[in-house]
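Data file: start.txt. Format and content: compact mmCIF, C-alpha atoms.
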```txt
# COMPACT_ATOMS: atom_id res chain seq x y z
CA MET A 1 -10.43 -16.10 42.87
CA ARG A 2 -8.28 -13.03 43.56
CA LEU A 3 -4.94 -12.86 41.74
CA ASP A 4 -2.87 -12.64 44.94
CA LYS A 5 -4.61 -15.69 46.41
CA PHE A 6 -4.17 -17.69 43.18
CA LEU A 7 -0.43 -16.94 43.14
CA LYS A 8 -0.13 -18.17 46.74
CA VAL A 9 -2.32 -21.29 46.42
CA SER A 10 -0.60 -22.33 43.17
CA ARG A 11 2.76 -21.74 44.90
CA LEU A 12 4.03 -19.44 42.15
CA ILE A 13 4.74 -16.95 44.96
CA LYS A 14 5.39 -18.15 48.50
CA ARG A 15 3.26 -15.68 50.53
CA ARG A 16 0.13 -13.69 49.79
CA THR A 17 1.68 -10.46 51.10
CA VAL A 18 4.61 -10.91 48.71
CA ALA A 19 2.12 -11.49 45.87
CA ASN A 20 0.33 -8.29 46.90
CA GLU A 21 3.59 -6.32 46.84
CA ALA A 22 4.50 -7.75 43.41
CA CYS A 23 1.13 -6.63 42.04
CA ASP A 24 1.51 -3.16 43.58
CA GLY A 25 4.98 -2.92 42.06
CA GLY A 26 3.65 -3.62 38.56
CA ARG A 27 5.56 -6.90 38.20
CA ILE A 28 2.46 -9.04 37.47
CA ALA A 29 0.47 -8.81 34.23
CA VAL A 30 -2.68 -10.72 33.29
CA ASN A 31 -3.58 -11.01 29.60
CA GLY A 32 -1.02 -8.33 28.73
CA LYS A 33 -2.19 -5.70 31.25
CA VAL A 34 -0.58 -4.82 34.58
CA ALA A 35 -2.90 -6.27 37.22
CA LYS A 36 -3.95 -5.36 40.73
CA ALA A 37 -4.03 -8.00 43.48
CA SER A 38 -7.84 -7.90 43.56
CA LEU A 39 -8.27 -8.92 39.90
CA ALA A 40 -10.51 -11.99 39.48
CA VAL A 41 -8.53 -14.75 37.77
CA LYS A 42 -10.39 -17.09 35.41
CA GLN A 43 -9.45 -20.34 33.71
CA GLY A 44 -7.52 -19.62 30.51
CA ASP A 45 -5.98 -16.33 31.70
CA ILE A 46 -2.30 -15.76 30.88
CA ILE A 47 -0.28 -14.51 33.88
CA GLU A 48 3.17 -12.99 33.35
CA LEU A 49 5.45 -12.65 36.40
CA ARG A 50 8.64 -10.59 36.26
CA PHE A 51 11.37 -11.52 38.76
CA GLY A 52 14.28 -9.19 37.95
CA GLU A 53 15.59 -10.33 34.56
CA ARG A 54 13.52 -13.55 34.54
CA VAL A 55 10.00 -13.61 33.08
CA LEU A 56 7.64 -16.49 33.83
CA LYS A 57 4.52 -16.87 31.70
CA VAL A 58 1.78 -19.30 32.78
CA GLU A 59 -1.77 -20.15 31.71
CA VAL A 60 -4.39 -20.78 34.40
CA GLN A 61 -5.62 -24.39 34.07
CA SER A 62 -7.84 -24.71 37.15
CA ILE A 63 -8.86 -22.73 40.20
CA ASN A 64 -8.89 -24.49 43.58
CA GLU A 65 -9.42 -22.82 46.95
CA HIS A 66 -6.84 -25.16 48.52
CA ALA A 67 -4.10 -27.19 46.88
CA THR A 68 -1.51 -29.56 48.25
CA LYS A 69 2.12 -29.32 47.24
CA VAL A 70 1.54 -32.12 44.71
CA ASP A 71 -1.65 -30.57 43.22
CA ALA A 72 -0.38 -26.98 42.94
CA PRO A 73 1.52 -27.38 39.63
CA GLY A 74 -1.68 -28.69 38.01
CA MET A 75 -3.32 -25.30 38.51
CA TYR A 76 -1.19 -23.71 35.76
CA ARG A 77 0.80 -24.56 32.64
CA GLU A 78 4.10 -22.86 31.80
CA LEU A 79 4.28 -21.23 28.38
```
Written as structure tokens, that's how I'd like the structure from this file.
Amino acid sequence: MRLDKFLKVSRLIKRRTVANEACDGGRIAVNGKVAKASLAVKQGDIIELRFGERVLKVEVQSINEHATKVDAPGMYREL
């Protein structure tokens, strides 16, 4: 699954276009490297999101094409 789509489906970022802009701005890193929106995310990857001063680090637990509001937090684990 593409990184921008994963961020949207898992509800880490509200909209896919916002996720795309965050990737283009260099605010998203996967496994320690700045990532493009088209990067294929796999189970076990570590995603680091920078929102101003705040840094959120999560590990990908599962990849689902669609997730309800209740299921979305199960797609990742905060580190």
Legend entry - Best match for closeness to Ile28 in chain A among A:Ala72, A:Leu49, A:Val9, A:Ile63, counting all atoms listed in the file: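 Closest to Ile28 in chain A of all the choices is A:Leu49.
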Legend entry - Closest of A:His66, A:Asp71, A:Leu79, A:Leu56 to Leu12 in chain A - atom-to-atom distances counting all atoms listed in the file: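 The closest residue to Leu12 in chain A is A:Leu56.
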Legend entry - Point-to-point distance in Å for CA of Gly52 in chain A and CA of Ala40 in chain A: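 These two atoms are separated by 25.0 Å.
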Inset, instruction - One decimal, Å: what's the distance from CA of Lys42 in chain A over to CA of Gly25 in chain A, could you say? - result: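 These two atoms are separated by 21.9 Å.
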Inset, instruction - Find the residue from A:Glu48, A:Glu78, A:Arg54, A:Arg2 that sits nearest to Gly26 in chain A; use only C-alpha atoms when measuring. - result: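 Selected residue with least distance to Gly26 in chain A: A:Glu48.
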Legend entry - Residue with smallest distance to Gln43 in chain A - pool A:Ala29, A:Gln61, A:Met1, A:Ile13, counting all atoms listed in the file: A:Gln61
Inset, instruction - Have a look at A:Ile46, A:Cys23, A:Val60, A:Val34 and name the one nearest to Gly74 in chain A; count all atoms listed in the file. - result: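 When distances to Gly74 in chain A are compared using all atoms listed in the file, the smallest one comes from A:Val60.
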Inset, instruction - Can you pull out every residue within 8 Å of Ala19 in chain A, counting only C-alpha atoms, but drop anything in the same chain fewer than 4 positions away, and send it as JSON, numbers by chain? - result: {"A": [4, 5, 7, 8, 13, 14, 15, 23, 37]}
May I have the centre and edge lengths, in Å to one decimal, of an axis-aligned box around the listed atoms of range 10-28 of chain A with 5 Å added to every side, as JSON?
```
{"center_x": 2.5, "center_y": -12.6, "center_z": 44.3, "size_x": 16.2, "size_y": 29.4, "size_z": 23.6}
```
